[in-house]
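Here's the structure, in structure tokens; my notes come after.
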Amino acid sequence: MNNTDSPRIDMARFFHLLFPPLLAALLLLTGCAPKSKDLFGVIMSAKPLKVGTVIDAPPLAYAKDGTIAGLEPLFAEGLAAAMNRRLELVPLSRGELFSALRDKQIDIVMAGMTVAEAQRHRIASTTPYLVSGQTTLVRLGDYDGMGNGIRYLTEPSIRLGVVTGGTADAWLKGLRPRGSVSRFATAQDGVQALMKKGIDVFIFNQTANYYYASLYIDKGLTPGNILLTREELAWGVRTDNDELREAANKYLASIDQSGDLLKMLEQTIPFYRDTAYSPVQQ
């Protein structure tokens, strides 16, 4: 066989596959390996946990000072540590998340995803970590009339705002409001319209409306305290990845039992104590 017929060796891939076990063996032989880990644990620790997230869903996951901040990155750090894995956050658009998961570019979706959303995309969801839903965001002077449920939302004089194609947009079709409905490309656009008095009520998911209320509290914005819909938030994994799903559920159960889950919710979600949503009880 001449040189041109010899099989090619992908040296980068060869090194990537060979290096972790060689390093683990060397650490064990030299006595430098952590005593709490077996050889398999040391090898697996070299494999990153690739978490797909977004940077446009405050306060759950958003860009801040050049980093990804919010509740989901906190969860990702905790899960990676619990699994003895390096964390690799992979920011994606919401439309890219599920294809990236199916193509194994990421291991898990942590992006304020609802259980219903996971079902639509045919992926497995973990135990829900939060019950949220759609709610109203109004100016402080309108709170008594429009911040408590749907009583006044169908009045002809009330101007409503939603994100185009979002959950609130679909919900309004069942409500059949008699007033005008403005549709916006982003939540930020809707919030700006509310501050400029172009609309009277902005309907969006509760976690985001609480975030925007805290961000623009000096502008007189305040969120409603009634859930118009009920949505369970969870993480998503491939349907064939039972190991990761079980590890994620175990992590959630542990931080729920220790009280760390509540602390993380209070740390990242403004007005958490005053909201109607709470961790899902199992």
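Going by the structure tokens order, chains are called A, B, ..., each with residues numbered from 1, while ligands are numbered from 1 in the order shown.
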
**Study point:** Test item, helix (DSSP H, G or I) assignment across stretch 48-264 of chain A, answer as a PyMOL selection string
**Key:** chain A and resi 71-82+94-102+115-120+140-146+167-175+187-195+206-215+217-219+242-258+260-264

Point to revise | Residue contacts of A:Gly161 (10 Å, only C-alpha atoms) excluding same-chain residues fewer than 3 positions away, as a PyMOL selection string | key: chain A and resi 136-137+158+164+168-169+180-184+187+189-191+193-194+198-204

Could the residues in this selection be saved with C-alpha atoms as an mmCIF file, in the first residue's frame?
```
data_model
loop_
_atom_site.group_PDB
_atom_site.id
_atom_site.type_symbol
_atom_site.label_atom_id
_atom_site.label_comp_id
_atom_site.auth_asym_id
_atom_site.auth_seq_id
_atom_site.Cartn_x
_atom_site.Cartn_y
_atom_site.Cartn_z
ATOM 1 C CA THR A 136 -50.454 42.796 32.575
ATOM 2 C CA LEU A 137 -48.055 45.707 32.779
ATOM 3 C CA ILE A 158 -58.747 50.051 26.402
ATOM 4 C CA THR A 164 -46.552 39.531 17.617
ATOM 5 C CA ALA A 168 -50.474 36.730 24.812
ATOM 6 C CA ASP A 169 -51.302 37.307 21.145
ATOM 7 C CA SER A 180 -57.555 48.219 19.730
ATOM 8 C CA VAL A 181 -54.673 45.744 19.804
ATOM 9 C CA SER A 182 -51.141 46.844 18.904
ATOM 10 C CA ARG A 183 -48.584 44.173 18.061
ATOM 11 C CA PHE A 184 -44.866 44.729 18.602
ATOM 12 C CA ALA A 187 -41.265 43.225 24.484
ATOM 13 C CA ASP A 189 -41.020 47.947 22.009
ATOM 14 C CA GLY A 190 -44.278 47.260 23.817
ATOM 15 C CA VAL A 191 -42.933 48.605 27.110
ATOM 16 C CA ALA A 193 -45.227 52.253 23.854
ATOM 17 C CA LEU A 194 -46.776 51.887 27.295
ATOM 18 C CA GLY A 198 -49.478 54.702 23.010
ATOM 19 C CA ILE A 199 -51.200 51.756 24.712
ATOM 20 C CA ASP A 200 -52.859 51.276 28.101
ATOM 21 C CA VAL A 201 -51.899 47.676 28.860
ATOM 22 C CA PHE A 202 -48.984 45.516 27.771
ATOM 23 C CA ILE A 203 -49.602 41.784 28.159
ATOM 24 C CA PHE A 204 -46.517 39.585 28.357
#
```

Review point. Near stretch 87-102 of chain A, within 7 Å and counting only C-alpha atoms, which residues show up once chain neighbours fewer than 2 positions away are dropped, as a VMD selection string?
Key: chain A and resid 48 to 55 77 80 85 104 to 109 121 238

Save the residues we just selected, N, CA and C atoms, as an mmCIF file, in the first residue's frame?
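Saved to again.cif:
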```
data_model
loop_
_atom_site.group_PDB
_atom_site.id
_atom_site.type_symbol
_atom_site.label_atom_id
_atom_site.label_comp_id
_atom_site.auth_asym_id
_atom_site.auth_seq_id
_atom_site.Cartn_x
_atom_site.Cartn_y
_atom_site.Cartn_z
ATOM 1 N N PRO A 48 -17.546 19.098 28.629
ATOM 2 C CA PRO A 48 -18.375 20.219 29.062
ATOM 3 C C PRO A 48 -19.858 19.897 28.990
ATOM 4 N N LEU A 49 -20.612 20.557 29.848
ATOM 5 C CA LEU A 49 -22.068 20.524 29.761
ATOM 6 C C LEU A 49 -22.468 21.722 28.920
ATOM 7 N N LYS A 50 -22.953 21.450 27.728
ATOM 8 C CA LYS A 50 -23.300 22.523 26.799
ATOM 9 C C LYS A 50 -24.756 22.920 26.996
ATOM 10 N N VAL A 51 -24.951 24.126 27.517
ATOM 11 C CA VAL A 51 -26.282 24.619 27.855
ATOM 12 C C VAL A 51 -26.711 25.667 26.838
ATOM 13 N N GLY A 52 -27.771 25.387 26.118
ATOM 14 C CA GLY A 52 -28.314 26.349 25.176
ATOM 15 C C GLY A 52 -29.225 27.332 25.883
ATOM 16 N N THR A 53 -28.987 28.610 25.673
ATOM 17 C CA THR A 53 -29.796 29.633 26.318
ATOM 18 C C THR A 53 -29.998 30.801 25.362
ATOM 19 N N VAL A 54 -30.676 31.826 25.835
ATOM 20 C CA VAL A 54 -30.933 33.021 25.033
ATOM 21 C C VAL A 54 -30.417 34.241 25.795
ATOM 22 N N ILE A 55 -30.357 35.374 25.110
ATOM 23 C CA ILE A 55 -29.886 36.591 25.787
ATOM 24 C C ILE A 55 -30.916 37.708 25.687
ATOM 25 N N GLU A 77 -24.873 26.870 36.116
ATOM 26 C CA GLU A 77 -23.666 26.734 36.933
ATOM 27 C C GLU A 77 -23.851 25.664 37.989
ATOM 28 N N ALA A 80 -24.025 22.069 36.356
ATOM 29 C CA ALA A 80 -22.700 21.631 35.897
ATOM 30 C C ALA A 80 -21.826 21.215 37.083
ATOM 31 N N ARG A 85 -19.063 18.673 35.777
ATOM 32 C CA ARG A 85 -18.812 18.983 34.371
ATOM 33 C C ARG A 85 -18.444 20.456 34.238
ATOM 34 N N LYS A 104 -27.436 17.751 18.586
ATOM 35 C CA LYS A 104 -26.421 17.491 19.625
ATOM 36 C C LYS A 104 -25.337 18.561 19.670
ATOM 37 N N GLN A 105 -25.689 19.768 19.237
ATOM 38 C CA GLN A 105 -24.772 20.885 19.403
ATOM 39 C C GLN A 105 -24.807 21.396 20.845
ATOM 40 N N ILE A 106 -25.911 21.145 21.531
ATOM 41 C CA ILE A 106 -26.049 21.458 22.952
ATOM 42 C C ILE A 106 -26.638 20.230 23.643
ATOM 43 N N ASP A 107 -26.515 20.202 24.982
ATOM 44 C CA ASP A 107 -27.024 19.064 25.746
ATOM 45 C C ASP A 107 -28.386 19.331 26.369
ATOM 46 N N ILE A 108 -28.655 20.583 26.692
ATOM 47 C CA ILE A 108 -29.865 20.920 27.427
ATOM 48 C C ILE A 108 -30.269 22.362 27.102
ATOM 49 N N VAL A 109 -31.564 22.625 27.109
ATOM 50 C CA VAL A 109 -32.092 23.969 26.881
ATOM 51 C C VAL A 109 -32.484 24.566 28.224
ATOM 52 N N HIS A 121 -42.200 20.863 20.456
ATOM 53 C CA HIS A 121 -40.968 20.566 19.714
ATOM 54 C C HIS A 121 -40.499 19.124 19.924
ATOM 55 N N ARG A 238 -32.930 15.982 25.064
ATOM 56 C CA ARG A 238 -33.354 15.032 24.038
ATOM 57 C C ARG A 238 -34.103 13.861 24.689
#
```

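Taking only C-alpha atoms into account, A:Lys196 lies nearest to A:Arg139 out of the set A:Arg139, A:Ala248, A:Met113, A:Met264.
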
Exercise for review: Go through A:Leu160, A:Leu79, A:Val138, A:Leu172 and flag the residue nearest A:Leu221, using only C-alpha atoms for the distances.
Suggested key: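 Comparing A:Leu160, A:Leu79, A:Val138, A:Leu172 against A:Leu221, the winner is A:Val138.
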
Practice item. Mind checking which residues fall within 10 Å of A:Gly141, counting only C-alpha atoms, ignoring those fewer than 4 positions away in the same chain, and posting them as a PyMOL selection string? Key: chain A and resi 145-147+220-222

Residues of the last selection are to be written out with C-alpha atoms, as a short mmCIF file (atom, residue, chain, number, x, y, z; two decimals), in the first residue's frame.
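Contents of selection_9.cif, freshly written:
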```
data_model
loop_
_atom_site.label_atom_id
_atom_site.label_comp_id
_atom_site.auth_asym_id
_atom_site.auth_seq_id
_atom_site.Cartn_x
_atom_site.Cartn_y
_atom_site.Cartn_z
CA GLY A 145 -58.79 49.22 36.73
CA MET A 146 -56.46 47.15 34.57
CA GLY A 147 -53.96 45.46 36.85
CA GLY A 220 -44.54 54.79 36.93
CA LEU A 221 -44.89 51.25 35.55
CA THR A 222 -46.35 48.51 37.70
#
```

**Study point:** Exercise: A:Leu175 partners within 10 Å, only C-alpha atoms, chain neighbours under 5 positions left out, as an MDAnalysis selection string
**Key:** chainID A and resid 150 153:154 170

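Atom to atom, atom CA of A:Ala185 and atom CA of A:Gly70 stand 22.3 Å apart.
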
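If only C-alpha atoms are the atoms counted, then among A:Tyr62, A:Tyr129, A:Tyr143, A:Tyr211 the closest residue to A:Leu262 is A:Tyr129.
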
Exercise for review: Using atom CA of A:Thr167 and atom CA of A:Asp144 as the two end points, give the distance in Å to one decimal.
Suggested key: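 Answer for the atom CA of A:Thr167 to atom CA of A:Asp144 separation: 24.1 Å.
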
Exercise for review: Identify which of the residues A:Met195, A:Ile68, A:Leu130, A:Leu233 lies closest to A:Asp218, counting only C-alpha atoms when measuring atom-to-atom distances.
Suggested key: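 Checking each candidate against A:Asp218, we get A:Met195 as the closest.
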
I want to know what sits within 8 Å of A:Ala116, based on only C-alpha atoms, with residues of the same chain fewer than 3 positions away left out; could you give that as a PDB file with C-alpha atoms, in the first residue's frame?
```
ATOM      1  CA  GLN A 119     -44.044  19.194  23.928  1.00  0.00           C
ATOM      2  CA  ARG A 120     -44.593  21.127  20.698  1.00  0.00           C
ATOM      3  CA  GLU A 231     -47.383  28.142  32.296  1.00  0.00           C
ATOM      4  CA  GLU A 232     -44.875  25.750  33.852  1.00  0.00           C
TER       5      GLU A 232
END
```

Review point. Closest to A:Gln188 among A:Arg176, A:Lys47, A:Asn241, A:Ala57, using only C-alpha atoms?
Key: A:Ala57

Review point. Suppose you want the space between atom CA of A:Thr186 and atom CA of A:Val162; what is it in Å?
Key: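 Going from atom CA of A:Thr186 over to atom CA of A:Val162, I get 8.8 Å.
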
Practice item. Could you give me, as a list in words, the residues within 12 Å of A:Lys263, counting only C-alpha atoms and dropping anything in the same chain fewer than 2 positions from it? Key: Leu71, Leu74, Phe75, Ile255, Asp256, Gln257, Ser258, Gly259, Asp260, Leu261, Leu265, Glu266, Gln267, Thr268, Ile269, Tyr272, Arg273 and Pro279 of chain A

Practice item. List every residue of stretch 24-253 of chain A that DSSP, applied to the backbone of this structure, places in strand (DSSP E), and write the result as a PyMOL selection string. Key: chain A and resi 48-53+56-57+61-64+67-69+86-91+108-114+124-125+130-132+134-139+160-163+181-184+201-205+221-223+231-237

Exercise for review: Choose the residue, out of A:Ala234, A:Ile217, A:Gly166, A:Glu155, that has the smallest atom-to-atom separation from A:Arg178; count only C-alpha atoms.
Suggested key: A:Glu155
